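With compact mmCIF, C-alpha atoms (C1' of nucleotides) inside, this is my_file_8.txt:
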# COMPACT_ATOMS: atom_id res chain seq x y z
CA MET A 5 -26.02 20.94 -11.16
CA THR A 6 -25.22 18.01 -13.40
CA PRO A 7 -22.06 18.43 -15.49
CA GLU A 8 -23.84 17.86 -18.79
CA SER A 9 -26.39 20.53 -18.02
CA GLN A 10 -26.41 23.41 -20.48
CA GLU A 11 -27.50 25.82 -17.78
CA ILE A 12 -25.18 28.78 -17.38
CA THR A 13 -24.01 29.17 -13.82
CA THR A 14 -24.18 32.40 -11.89
CA LYS A 15 -20.42 32.62 -11.74
CA GLU A 16 -20.11 32.24 -15.49
CA ARG A 17 -22.69 34.94 -16.06
CA LEU A 18 -20.74 37.28 -13.80
CA LEU A 19 -17.46 36.58 -15.58
CA GLU A 20 -19.11 36.98 -18.96
CA ALA A 21 -20.70 40.31 -18.10
CA GLY A 22 -17.53 41.39 -16.31
CA LEU A 23 -15.52 40.80 -19.46
CA GLY A 24 -17.62 43.22 -21.44
CA MET A 25 -17.91 45.80 -18.70
CA LEU A 26 -14.22 45.75 -17.81
CA LEU A 27 -13.34 46.17 -21.47
CA LYS A 28 -15.51 49.25 -21.73
CA HIS A 29 -15.19 50.83 -18.29
CA GLY A 30 -11.86 49.64 -17.04
CA TYR A 31 -11.34 48.53 -13.46
CA SER A 32 -11.86 51.58 -11.28
CA ASP A 33 -14.87 52.87 -13.11
CA LEU A 34 -16.63 49.51 -12.93
CA GLY A 35 -18.87 49.33 -9.87
CA ILE A 36 -19.91 46.04 -8.36
CA GLN A 37 -23.42 47.41 -8.08
CA ALA A 38 -23.55 48.20 -11.80
CA LEU A 39 -22.40 44.70 -12.62
CA LEU A 40 -25.09 43.23 -10.37
CA SER A 41 -27.82 45.46 -11.75
CA GLU A 42 -26.90 44.50 -15.29
CA THR A 43 -26.93 40.79 -14.54
CA GLY A 44 -29.72 40.82 -11.97
CA ILE A 45 -27.55 38.89 -9.55
CA PRO A 46 -27.60 39.85 -5.86
CA LYS A 47 -24.51 40.92 -4.03
CA GLY A 48 -24.50 37.86 -1.80
CA SER A 49 -23.90 35.65 -4.81
CA PHE A 50 -21.04 37.78 -6.03
CA TYR A 51 -19.15 37.59 -2.76
CA HIS A 52 -19.95 33.93 -2.48
CA HIS A 53 -18.10 33.24 -5.73
CA PHE A 54 -15.40 35.91 -5.49
CA SER A 55 -13.46 37.10 -2.50
CA SER A 56 -13.12 40.68 -3.74
CA LYS A 57 -13.38 42.93 -6.76
CA GLN A 58 -9.70 42.31 -7.50
CA ASP A 59 -10.17 38.55 -7.32
CA PHE A 60 -13.07 38.91 -9.72
CA ALA A 61 -11.12 40.98 -12.21
CA LEU A 62 -8.20 38.56 -12.12
CA GLN A 63 -10.56 35.71 -12.94
CA VAL A 64 -12.05 37.77 -15.77
CA VAL A 65 -8.53 38.10 -17.14
CA ASP A 66 -8.15 34.32 -16.92
CA ARG A 67 -11.34 33.94 -18.86
CA TYR A 68 -10.12 36.42 -21.45
CA MET A 69 -6.92 34.42 -21.78
CA GLN A 70 -8.93 31.28 -22.44
CA GLU A 71 -10.41 33.01 -25.45
CA VAL A 72 -6.98 34.18 -26.54
CA HIS A 73 -5.62 30.66 -26.34
CA GLN A 74 -8.57 29.40 -28.36
CA GLY A 75 -7.70 31.95 -31.01
CA LEU A 76 -4.06 30.89 -30.90
CA ASP A 77 -5.07 27.23 -31.23
CA MET A 78 -7.25 27.99 -34.23
CA SER A 79 -4.61 30.00 -36.05
CA LEU A 80 -1.18 28.76 -35.03
CA GLY A 81 -2.45 25.21 -35.00
CA ASN A 82 -3.53 25.40 -38.62
CA HIS A 83 -0.60 23.55 -40.14
CA ALA A 84 -2.01 23.77 -43.63
CA LEU A 85 -0.73 27.35 -43.64
CA PRO A 86 2.91 28.47 -43.64
CA PRO A 87 3.91 29.61 -40.13
CA LEU A 88 4.07 33.30 -40.88
CA GLU A 89 0.56 33.25 -42.28
CA ARG A 90 -0.61 31.39 -39.19
CA VAL A 91 0.70 34.22 -37.04
CA ARG A 92 -0.98 36.79 -39.20
CA LEU A 93 -4.21 34.83 -39.05
CA PHE A 94 -4.22 35.10 -35.28
CA PHE A 95 -4.17 38.87 -35.43
CA GLU A 96 -6.77 38.92 -38.17
CA LEU A 97 -9.00 36.87 -35.89
CA SER A 98 -8.33 39.31 -33.07
CA ARG A 99 -9.19 42.24 -35.26
CA GLU A 100 -12.47 40.59 -36.18
CA LYS A 101 -13.16 40.07 -32.50
CA TYR A 102 -12.44 43.72 -31.75
CA ARG A 103 -14.88 44.67 -34.50
CA ARG A 104 -17.63 42.61 -32.93
CA GLU A 105 -17.02 44.37 -29.63
CA GLY A 106 -17.10 47.84 -31.15
CA TYR A 107 -13.36 48.43 -31.35
CA LEU A 108 -12.77 48.72 -27.64
CA GLY A 109 -9.28 47.31 -27.99
CA CYS A 110 -7.66 44.63 -25.90
CA LEU A 111 -8.54 43.94 -22.27
CA LEU A 112 -4.92 43.22 -21.40
CA GLY A 113 -3.78 46.52 -22.82
CA GLY A 114 -6.57 48.40 -21.10
CA LEU A 115 -6.09 46.92 -17.65
CA GLY A 116 -2.33 46.97 -18.06
CA GLN A 117 -2.29 50.69 -18.71
CA GLU A 118 -4.77 51.52 -16.00
CA LEU A 119 -3.44 49.38 -13.18
CA SER A 120 0.25 48.73 -13.70
CA GLY A 121 1.14 51.98 -11.97
CA VAL A 122 -0.94 51.13 -8.95
CA SER A 123 -1.04 47.38 -8.43
CA GLU A 124 1.94 45.08 -8.65
CA THR A 125 -0.48 42.16 -8.66
CA PHE A 126 -2.11 43.30 -11.87
CA ARG A 127 1.17 44.43 -13.38
CA HIS A 128 2.68 40.99 -13.04
CA LYS A 129 -0.54 39.27 -14.02
CA ILE A 130 -0.87 41.19 -17.28
CA GLU A 131 2.79 40.99 -18.11
CA GLY A 132 2.56 37.24 -17.52
CA CYS A 133 -0.29 37.04 -20.02
CA PHE A 134 1.68 38.94 -22.63
CA ASN A 135 4.58 36.60 -22.02
CA LEU A 136 2.44 33.55 -22.65
CA ILE A 137 1.13 34.95 -25.91
CA ALA A 138 4.60 36.02 -27.03
CA GLU A 139 5.93 32.54 -26.30
CA ARG A 140 3.39 30.85 -28.49
CA ILE A 141 4.04 33.30 -31.31
CA THR A 142 7.76 32.78 -30.86
CA ASP A 143 7.37 29.05 -31.47
CA CYS A 144 5.65 29.77 -34.74
CA LEU A 145 8.22 32.34 -35.82
CA GLU A 146 10.93 29.86 -34.92
CA GLU A 147 9.42 27.45 -37.39
CA ALA A 148 9.26 30.15 -40.03
CA HIS A 149 12.89 30.93 -39.38
CA GLN A 150 13.92 27.29 -39.81
CA ARG A 151 12.04 27.15 -43.08
CA GLY A 152 13.88 30.25 -44.23
CA GLU A 153 10.69 32.26 -44.49
CA LEU A 154 11.79 34.99 -42.12
CA ALA A 155 13.49 38.01 -43.60
CA ALA A 156 14.60 39.76 -40.44
CA ASP A 157 17.78 38.70 -38.78
CA GLN A 158 16.52 39.20 -35.24
CA GLU A 159 15.65 36.54 -32.72
CA PRO A 160 12.13 35.14 -33.09
CA ARG A 161 11.37 35.99 -29.49
CA GLN A 162 12.23 39.63 -30.03
CA LEU A 163 10.19 39.69 -33.21
CA ALA A 164 7.25 38.21 -31.34
CA ASP A 165 7.46 40.78 -28.55
CA LEU A 166 7.76 43.53 -31.08
CA LEU A 167 4.73 42.34 -32.96
CA LEU A 168 2.67 42.07 -29.80
CA ASP A 169 3.74 45.49 -28.53
CA CYS A 170 2.96 47.23 -31.80
CA TRP A 171 -0.36 45.42 -31.96
CA GLU A 172 -1.32 46.75 -28.55
CA GLY A 173 -0.43 50.25 -29.63
CA ALA A 174 -2.53 49.91 -32.74
CA ALA A 175 -5.35 48.53 -30.60
CA LEU A 176 -5.23 51.62 -28.39
CA ARG A 177 -5.41 53.91 -31.39
CA SER A 178 -8.23 51.81 -32.79
CA ARG A 179 -10.06 52.21 -29.48
CA LEU A 180 -9.60 55.97 -29.61
CA ARG A 181 -10.82 56.21 -33.18
CA ARG A 182 -13.37 53.44 -32.97
CA ASP A 183 -12.14 52.05 -36.25
CA PRO A 184 -9.91 49.20 -37.43
CA GLY A 185 -7.55 51.29 -39.56
CA PRO A 186 -4.53 51.28 -37.25
CA LEU A 187 -4.74 47.51 -36.78
CA GLY A 188 -4.59 46.72 -40.48
CA ALA A 189 -1.88 49.29 -41.19
CA MET A 190 0.29 47.85 -38.46
CA LEU A 191 -0.12 44.28 -39.68
CA ASP A 192 0.61 45.22 -43.30
CA PHE A 193 3.78 47.00 -42.32
CA TYR A 194 5.07 44.27 -40.04
CA PHE A 195 4.45 41.32 -42.31
CA ALA A 196 5.72 43.12 -45.39
CA VAL A 197 9.02 43.45 -43.57
CA ALA A 198 9.09 40.12 -41.76
CA ALA A 199 8.29 37.90 -44.75
CA ARG A 200 11.10 36.93 -46.99
CA MET B 9 1.03 88.16 -8.51
CA THR B 10 3.27 90.11 -10.81
CA PRO B 11 3.83 88.47 -14.20
CA GLU B 12 7.61 88.56 -13.94
CA SER B 13 7.56 86.90 -10.57
CA GLN B 14 9.47 83.63 -10.41
CA GLU B 15 7.08 82.37 -7.76
CA ILE B 16 5.30 79.20 -8.70
CA THR B 17 1.58 79.71 -8.60
CA THR B 18 -0.83 77.43 -6.82
CA LYS B 19 -2.40 76.44 -10.10
CA GLU B 20 0.96 75.50 -11.57
CA ARG B 21 1.83 73.43 -8.56
CA LEU B 22 -1.44 71.56 -8.90
CA LEU B 23 -0.89 70.90 -12.58
CA GLU B 24 2.67 69.82 -11.96
CA ALA B 25 1.73 67.39 -9.21
CA GLY B 26 -1.29 66.25 -11.18
CA LEU B 27 0.94 65.34 -14.10
CA GLY B 28 2.97 62.94 -12.01
CA MET B 29 0.03 61.51 -10.12
CA LEU B 30 -2.13 61.02 -13.19
CA LEU B 31 0.74 59.26 -14.91
CA LYS B 32 1.09 56.83 -12.05
CA HIS B 33 -2.49 56.40 -10.84
CA GLY B 34 -4.57 57.16 -13.84
CA TYR B 35 -7.74 59.20 -13.62
CA SER B 36 -10.22 57.23 -11.55
CA ASP B 37 -7.73 56.12 -8.94
CA LEU B 38 -6.48 59.66 -8.40
CA GLY B 39 -8.38 61.31 -5.57
CA ILE B 40 -8.63 65.05 -5.23
CA GLN B 41 -7.88 64.66 -1.57
CA ALA B 42 -4.64 62.78 -2.26
CA LEU B 43 -3.55 65.49 -4.66
CA LEU B 44 -4.26 68.15 -2.06
CA SER B 45 -2.48 66.27 0.71
CA GLU B 46 0.58 65.82 -1.47
CA THR B 47 0.74 69.49 -2.39
CA GLY B 48 -0.55 70.92 0.86
CA ILE B 49 -3.09 72.98 -1.00
CA PRO B 50 -6.63 73.28 0.41
CA LYS B 51 -9.65 72.19 -1.49
CA GLY B 52 -10.99 75.71 -1.82
CA SER B 53 -8.02 76.65 -3.95
CA PHE B 54 -8.44 73.66 -6.20
CA TYR B 55 -12.04 74.46 -7.00
CA HIS B 56 -11.20 78.09 -7.38
CA HIS B 57 -8.82 77.27 -10.24
CA PHE B 58 -10.61 74.29 -11.72
CA SER B 59 -14.30 73.71 -12.21
CA SER B 60 -14.10 69.95 -11.72
CA LYS B 61 -11.79 66.97 -11.65
CA GLN B 62 -12.34 66.48 -15.36
CA ASP B 63 -11.49 70.09 -16.10
CA PHE B 64 -8.34 69.65 -14.07
CA ALA B 65 -7.27 66.50 -15.90
CA LEU B 66 -7.89 68.10 -19.27
CA GLN B 67 -5.63 70.99 -18.30
CA VAL B 68 -3.00 68.52 -17.12
CA VAL B 69 -3.13 66.99 -20.59
CA ASP B 70 -2.63 70.45 -22.08
CA ARG B 71 0.39 70.89 -19.89
CA TYR B 72 1.71 67.51 -20.95
CA MET B 73 1.27 68.51 -24.57
CA GLN B 74 3.30 71.65 -23.96
CA GLU B 75 6.18 69.41 -22.95
CA VAL B 76 5.64 67.21 -25.98
CA HIS B 77 5.73 70.21 -28.28
CA GLN B 78 8.92 71.38 -26.62
CA GLY B 79 10.43 67.98 -27.35
CA LEU B 80 9.22 68.16 -30.93
CA ASP B 81 10.71 71.64 -31.30
CA MET B 82 14.03 70.47 -29.97
CA SER B 83 14.25 67.44 -32.22
CA LEU B 84 12.33 68.12 -35.42
CA GLY B 85 13.58 71.68 -35.40
CA ASN B 86 17.21 70.59 -35.45
CA HIS B 87 17.90 71.14 -39.12
CA ALA B 88 21.52 70.12 -38.78
CA LEU B 89 20.23 66.53 -38.80
CA PRO B 90 18.62 64.71 -41.72
CA PRO B 91 14.85 64.57 -41.22
CA LEU B 92 14.63 60.90 -40.39
CA GLU B 93 17.21 61.28 -37.65
CA ARG B 94 15.28 64.25 -36.30
CA VAL B 95 12.22 62.06 -35.95
CA ARG B 96 14.20 59.37 -34.24
CA LEU B 97 15.72 61.94 -31.91
CA PHE B 98 12.26 62.93 -30.72
CA PHE B 99 11.55 59.41 -29.59
CA GLU B 100 14.97 59.05 -28.03
CA LEU B 101 14.21 62.17 -26.03
CA SER B 102 10.88 60.71 -25.03
CA ARG B 103 12.51 57.49 -23.94
CA GLU B 104 14.92 59.45 -21.78
CA LYS B 105 11.97 61.28 -20.25
CA TYR B 106 10.22 58.01 -19.51
CA ARG B 107 13.40 56.79 -17.80
CA ARG B 108 13.46 59.81 -15.53
CA GLU B 109 9.86 59.13 -14.56
CA GLY B 110 10.48 55.45 -13.80
CA TYR B 111 9.14 53.99 -17.05
CA LEU B 112 5.52 54.80 -16.40
CA GLY B 113 4.86 55.19 -20.10
CA CYS B 114 2.95 57.97 -21.80
CA LEU B 115 0.18 59.98 -20.18
CA LEU B 116 -1.79 60.11 -23.42
CA GLY B 117 -1.67 56.35 -23.79
CA GLY B 118 -2.61 55.81 -20.17
CA LEU B 119 -5.56 58.17 -20.08
CA GLY B 120 -6.60 57.14 -23.57
CA GLN B 121 -6.86 53.49 -22.60
CA GLU B 122 -8.56 54.18 -19.31
CA LEU B 123 -11.12 56.74 -20.37
CA SER B 124 -11.87 56.34 -24.06
CA GLY B 125 -14.50 53.73 -23.31
CA VAL B 126 -16.24 55.94 -20.82
CA SER B 127 -15.84 59.56 -21.79
CA GLU B 128 -16.23 60.94 -25.28
CA THR B 129 -14.68 64.17 -24.05
CA PHE B 130 -11.43 62.46 -23.16
CA ARG B 131 -11.54 60.19 -26.17
CA HIS B 132 -11.64 63.14 -28.54
CA LYS B 133 -9.18 65.13 -26.48
CA ILE B 134 -6.54 62.38 -26.50
CA GLU B 135 -7.11 61.48 -30.13
CA GLY B 136 -6.71 65.17 -30.94
CA CYS B 137 -3.36 65.18 -29.17
CA PHE B 138 -2.16 62.16 -31.10
CA ASN B 139 -3.27 63.84 -34.28
CA LEU B 140 -1.23 66.93 -33.52
CA ILE B 141 1.88 64.89 -32.85
CA ALA B 142 1.36 62.76 -35.95
CA GLU B 143 0.98 65.88 -38.06
CA ARG B 144 4.29 67.30 -36.95
CA ILE B 145 6.03 64.00 -37.56
CA THR B 146 4.36 63.78 -40.95
CA ASP B 147 5.89 67.10 -41.99
CA CYS B 148 9.31 65.78 -41.16
CA LEU B 149 8.74 62.48 -42.95
CA GLU B 150 7.48 64.44 -45.92
CA GLU B 151 10.80 66.20 -46.07
CA ALA B 152 12.62 62.89 -45.82
CA HIS B 153 10.52 61.59 -48.66
CA GLN B 154 11.34 64.55 -50.88
CA ARG B 155 15.02 64.04 -50.18
CA GLY B 156 14.68 60.40 -51.18
CA GLU B 157 15.63 59.18 -47.75
CA LEU B 158 12.48 57.19 -47.16
CA ALA B 159 12.51 53.55 -48.14
CA ALA B 160 8.86 52.72 -47.66
CA ASP B 161 6.41 53.53 -50.37
CA GLN B 162 3.59 54.50 -48.04
CA GLU B 163 2.24 57.95 -47.37
CA PRO B 164 4.20 59.93 -44.78
CA ARG B 165 1.06 60.47 -42.77
CA GLN B 166 0.42 56.75 -42.53
CA LEU B 167 4.03 56.15 -41.60
CA ALA B 168 3.76 58.76 -38.88
CA ASP B 169 0.59 57.26 -37.43
CA LEU B 170 2.15 53.82 -37.55
CA LEU B 171 5.24 55.01 -35.75
CA LEU B 172 3.22 56.74 -33.07
CA ASP B 173 0.92 53.77 -32.56
CA CYS B 174 3.75 51.29 -32.25
CA TRP B 175 5.54 53.64 -29.90
CA GLU B 176 2.53 53.75 -27.62
CA GLY B 177 2.38 49.97 -27.60
CA ALA B 178 6.05 49.75 -26.72
CA ALA B 179 5.48 52.34 -23.99
CA LEU B 180 2.75 50.19 -22.47
CA ARG B 181 5.01 47.15 -22.44
CA SER B 182 7.77 49.28 -20.99
CA ARG B 183 5.39 50.38 -18.25
CA LEU B 184 4.50 46.79 -17.49
CA ARG B 185 8.11 45.67 -17.37
CA ARG B 186 9.49 48.88 -15.90
CA ASP B 187 12.29 48.83 -18.41
CA PRO B 188 13.16 50.56 -21.68
CA GLY B 189 13.74 47.42 -23.75
CA PRO B 190 10.53 47.49 -25.79
CA LEU B 191 11.04 51.16 -26.67
CA GLY B 192 14.48 50.65 -28.15
CA ALA B 193 13.54 47.46 -29.97
CA MET B 194 10.61 49.17 -31.59
CA LEU B 195 12.65 52.16 -32.75
CA ASP B 196 15.42 49.95 -34.15
CA PHE B 197 12.96 47.91 -36.14
CA TYR B 198 11.05 50.86 -37.51
CA PHE B 199 13.98 52.99 -38.56
CA ALA B 200 15.89 50.06 -40.04
CA VAL B 201 12.94 49.60 -42.36
CA ALA B 202 12.04 53.21 -42.97
CA ALA B 203 15.51 54.47 -43.85
CA ARG B 204 16.71 54.00 -47.37
C1' DA C 12 -40.15 6.06 -0.63
C1' DG C 13 -40.14 9.52 2.49
C1' DT C 14 -37.76 12.39 5.81
C1' DT C 15 -34.39 15.22 7.12
C1' DG C 16 -29.72 17.28 7.76
C1' DG C 17 -26.47 20.43 5.91
C1' DG C 18 -23.66 22.73 2.78
C1' DA C 19 -24.03 25.67 -1.41
C1' DA C 20 -26.04 29.44 -3.29
C1' DT C 21 -29.22 33.34 -3.26
C1' DA C 22 -31.03 37.52 -1.40
C1' DG C 23 -30.57 42.21 -0.05
C1' DA C 24 -30.33 45.31 4.05
C1' DC C 25 -26.68 47.45 6.03
C1' DC C 26 -21.91 49.48 7.17
C1' DG C 27 -17.96 52.66 7.52
C1' DG C 28 -15.18 55.11 4.52
C1' DT C 29 -14.18 57.87 0.75
C1' DC C 30 -15.53 60.21 -3.30
C1' DG C 31 -16.19 64.72 -5.96
C1' DG C 32 -18.11 68.90 -5.01
C1' DT C 33 -20.21 73.02 -2.17
C1' DC C 34 -20.33 76.55 1.16
C1' DT C 35 -19.05 80.11 4.23
C1' DA C 36 -15.47 82.59 6.34
C1' DG C 37 -11.38 85.01 6.30
C1' DA C 38 -6.73 86.60 4.58
C1' DG C 39 -4.19 89.55 1.56
C1' DG C 40 -3.13 92.87 -1.72
C1' DA C 41 -4.08 96.84 -4.87
C1' DT D 23 -13.30 98.89 -0.46
C1' DC D 24 -13.40 95.11 -3.28
C1' DC D 25 -11.94 91.21 -5.51
C1' DT D 26 -8.88 87.21 -5.80
C1' DC D 27 -7.43 83.51 -3.52
C1' DT D 28 -6.88 80.54 0.59
C1' DA D 29 -8.87 77.64 4.07
C1' DG D 30 -11.27 73.64 5.59
C1' DA D 31 -15.71 72.06 7.55
C1' DC D 32 -19.33 69.92 5.53
C1' DC D 33 -22.57 67.35 2.23
C1' DG D 34 -25.06 63.63 -0.11
C1' DA D 35 -23.92 59.86 -3.02
C1' DC D 36 -21.75 55.93 -3.84
C1' DC D 37 -17.98 52.73 -3.08
C1' DG D 38 -16.40 47.85 -1.86
C1' DG D 39 -17.42 44.69 1.50
C1' DT D 40 -20.05 42.28 5.56
C1' DC D 41 -23.83 40.10 7.72
C1' DT D 42 -27.83 37.41 8.57
C1' DA D 43 -31.68 35.13 6.78
C1' DT D 44 -33.58 32.19 3.49
C1' DT D 45 -33.97 28.98 -0.34
C1' DC D 46 -32.48 25.11 -2.80
C1' DC D 47 -30.85 20.64 -3.67
C1' DC D 48 -29.06 16.33 -2.90
C1' DA D 49 -27.15 12.75 0.00
C1' DA D 50 -27.82 9.84 3.99
C1' DC D 51 -30.65 7.29 6.86
C1' DT D 52 -34.67 4.65 8.37
Is it possible to express this structure as C-alpha cells?
Amino acid sequence: MTPESQEITTKERLLEAGLGMLLKHGYSDLGIQALLSETGIPKGSFYHHFSSKQDFALQVVDRYMQEVHQGLDMSLGNHALPPLERVRLFFELSREKYRREGYLGCLLGGLGQELSGVSETFRHKIEGCFNLIAERITDCLEEAHQRGELAADQEPRQLADLLLDCWEGAALRSRLRRDPGPLGAMLDFYFAVAAR
Amino acid sequence: MTPESQEITTKERLLEAGLGMLLKHGYSDLGIQALLSETGIPKGSFYHHFSSKQDFALQVVDRYMQEVHQGLDMSLGNHALPPLERVRLFFELSREKYRREGYLGCLLGGLGQELSGVSETFRHKIEGCFNLIAERITDCLEEAHQRGELAADQEPRQLADLLLDCWEGAALRSRLRRDPGPLGAMLDFYFAVAAR
DNA sequence: AGTTGGGAATAGACCGGTCGGTCTAGAGGA
DNA sequence: TCCTCTAGACCGACCGGTCTATTCCCAACT
C-alpha cells in the first residue's frame, strides 16, 4: 500500500462503520458479527487489526476525537470572529453534524453513560476526552475574558465545563426526541447569559 | 400474601435490586442470571412476575418514577418556600440521592442514552418520563412567573426543559467523575440567571 | 528479469461460555 | 382441590475470541 494511494484500508473501514454503529447501538448491543456483515470484512481481519472489542471501541473513540478536534480547529481557530462567537460556532457545527447523523447525540455521552458504571477504562477514557475539549474551550473563553467580552464572573474553566455538560444533556434530549430543539435552546440560553 | 403484611414480596425485591443494578450496569450488561444470583431468587419466579427482560426494565423505570414523584411532592409541594426555591430544592434532593448511590447519575439518562438508538419502546418511555417531570416543574415556574420572580423572558415550559436537560448533562459528568461538582455548578449557574 | 521467501492481511470454520427464555415439577396456602 | 408462586434443569441462539489455512505483495537474491 503506497502512502499516496486513495484506497481505503480495511482498518479504516472498520473504524468508520464502527463509529456509526456504536453511535446508534452503543457498546454492548453492537455485535462484532453485525459489524462484519455490514462491512463484508471477515473476522480474521478484525482480530488482526484489533486485539479485542474493547480495543476496537477505544480506537473508534480516538477517531471520533479526531473529528472533534477538526471541528475545534475550524471554529476556535477562526480568529476573524470574536472568541465567544468562535465557541458558539463550534457547537453550531456539532449540531449540524448531529443533524446529518439523524440526531443520535454524541458518542462520548452515549458511551460515557453506558459504560462508566462498568468499565474504569472507558470511564477514564471518556472523561479524558471531555477534559481535552473543555481545555480548548477554556482557552477561548480566557481570551474573551481578557477582552472584557465575558459577562459572568466565574472562571473560564468552570464556564467551559458547564457549557460542555449542558450541551451533553441537550444532546441526550435531542437523541430521545430525534430533533434539534434542545440543542438550540441550550445554546441560546447560555450565550445570552455569558456574553456581555 | 395479606395486603397489610409488611413482608417484602419477591417482585418488589426484584424491582429494588433491578433499580440498583440497572443504574450501575445499564440494560444490556445486566444479566438476568446476575440479578437472580444477587437476590437469591430462582428464574421461575422472575418469569412468573415479568414477561421478559424488557418488561422488567420498564417496570423498574416505573418504580424509579415513583421515587421521582415522591421527591417532586416533597419539594414542589412545600408551599412555605417561594416557587423557585421549591424547584431548586427538588434538584438538591436529587443530588443528595445521587450521593447516596455513589454518583451513578440518573437512571432515565442512563437508559435513555443506551437504548434510545435501539428501542423505540424505551425511547418513548424515557421521553415520556422526562415530559412528566418537566410538566411538574413547569407548573412551579409558572407560579414563579406570575409572582414576578422569574428573570428570564422565556416560556416556563422551555425553562423547565432546559433545566432538566442541563441537569441530565451534569449528572452524566458527575457519573464520569464520581463527584457532585458538575451538579452544583449547573444549579448555581441556572438559578443565578433565572431568579429576578 | 525472474524467482522465491516471508510477513501482512484475508478468510471463515470453530469454540466454550453465556444469554434470554421455556418447561416441568413441586411447595404452599386458602 | 386448585391456583399462585417457587425451583432449577434445560434449550437454542448468539456472544467475543481463537485457530489454521490461504492469498497477497514486495523485498532480497541470483
Based on all atoms listed in the file, which of the residues in chain A come within 9 Å of chain D? I want them as JSON, numbers by chain. {"A": [5, 35, 36, 51, 56, 57]}
Which is closer to chain B than all the others in C:DC30, C:DA41, C:DA36, C:DA22, using all atoms listed in the file?
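Closest candidate: C:DC30.
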| said: Distance cut-off 10 Å, counting only C-alpha atoms (C1' of nucleotides) - which residues of chain C neighbour chain B? Return them as an MDAnalysis selection string. | reply: chainID C and resid 29:34 40
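Between atom CA of Leu184 of chain B and atom CA of Leu167 of chain A the interatomic distance comes to 16.1 Å.
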Interface list for chain A, partner chain B, 9 Å threshold, all atoms listed in the file, as number ranges by chain: A: 27-33, 108-109, 113-122, 127-128, 130-131, 134, 162, 165-166, 168-177, 179-181, 186, 189-190, 193, 197
(message) I'd like the contact shell of Arg71 of chain B - 12 Å cut-off, only C-alpha atoms (C1' of nucleotides), skipping same-chain residues fewer than 6 positions apart - returned as a PyMOL selection string.
(response) chain B and resi 19-28+64-65+77-78+115-116+137
So how far away is atom CA of Met78 of chain A from atom CA of Phe94 of chain A, in Å?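 Atom CA of Met78 of chain A lies at a distance of 7.8 Å from atom CA of Phe94 of chain A.
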*Separation of atom CA of Ala84 of chain A from atom CA of Tyr102 of chain A, in Å and rounded to one decimal*: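 Going from atom CA of Ala84 of chain A over to atom CA of Tyr102 of chain A, I get 25.5 Å.
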So, counting only C-alpha atoms, which residue among A:Leu97, A:Pro87, A:Ala164, A:Ala196 is closest to Gly152 of chain A?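 Looking at the shortest contact to Gly152 of chain A, the residue is A:Pro87.
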Please supply segment 27-38 of chain A, rebuilt with N, CA and C atoms, as a compact mmCIF listing (two decimals), in the coordinates of the input.
# COMPACT_ATOMS: atom_id res chain seq x y z
N LEU A 27 -13.92 45.70 -20.20
CA LEU A 27 -13.34 46.17 -21.47
C LEU A 27 -13.77 47.61 -21.74
N LYS A 28 -15.01 47.90 -21.44
CA LYS A 28 -15.51 49.25 -21.73
C LYS A 28 -15.13 50.25 -20.64
N HIS A 29 -15.34 49.87 -19.38
CA HIS A 29 -15.19 50.83 -18.29
C HIS A 29 -13.82 50.84 -17.65
N GLY A 30 -13.07 49.77 -17.82
CA GLY A 30 -11.86 49.64 -17.04
C GLY A 30 -12.19 49.17 -15.64
N TYR A 31 -11.18 49.11 -14.80
CA TYR A 31 -11.34 48.53 -13.46
C TYR A 31 -11.99 49.50 -12.48
N SER A 32 -11.39 50.66 -12.32
CA SER A 32 -11.86 51.58 -11.28
C SER A 32 -13.27 52.08 -11.53
N ASP A 33 -13.57 52.29 -12.78
CA ASP A 33 -14.87 52.87 -13.11
C ASP A 33 -15.98 51.82 -13.11
N LEU A 34 -15.61 50.55 -12.97
CA LEU A 34 -16.63 49.51 -12.93
C LEU A 34 -17.08 49.27 -11.50
N GLY A 35 -18.33 49.56 -11.21
CA GLY A 35 -18.87 49.33 -9.87
C GLY A 35 -19.48 47.95 -9.76
N ILE A 36 -19.29 47.35 -8.59
CA ILE A 36 -19.91 46.04 -8.36
C ILE A 36 -21.43 46.15 -8.54
N GLN A 37 -21.97 47.23 -8.01
CA GLN A 37 -23.42 47.41 -8.08
C GLN A 37 -23.91 47.43 -9.53
N ALA A 38 -23.17 48.12 -10.39
CA ALA A 38 -23.55 48.20 -11.80
C ALA A 38 -23.52 46.81 -12.43
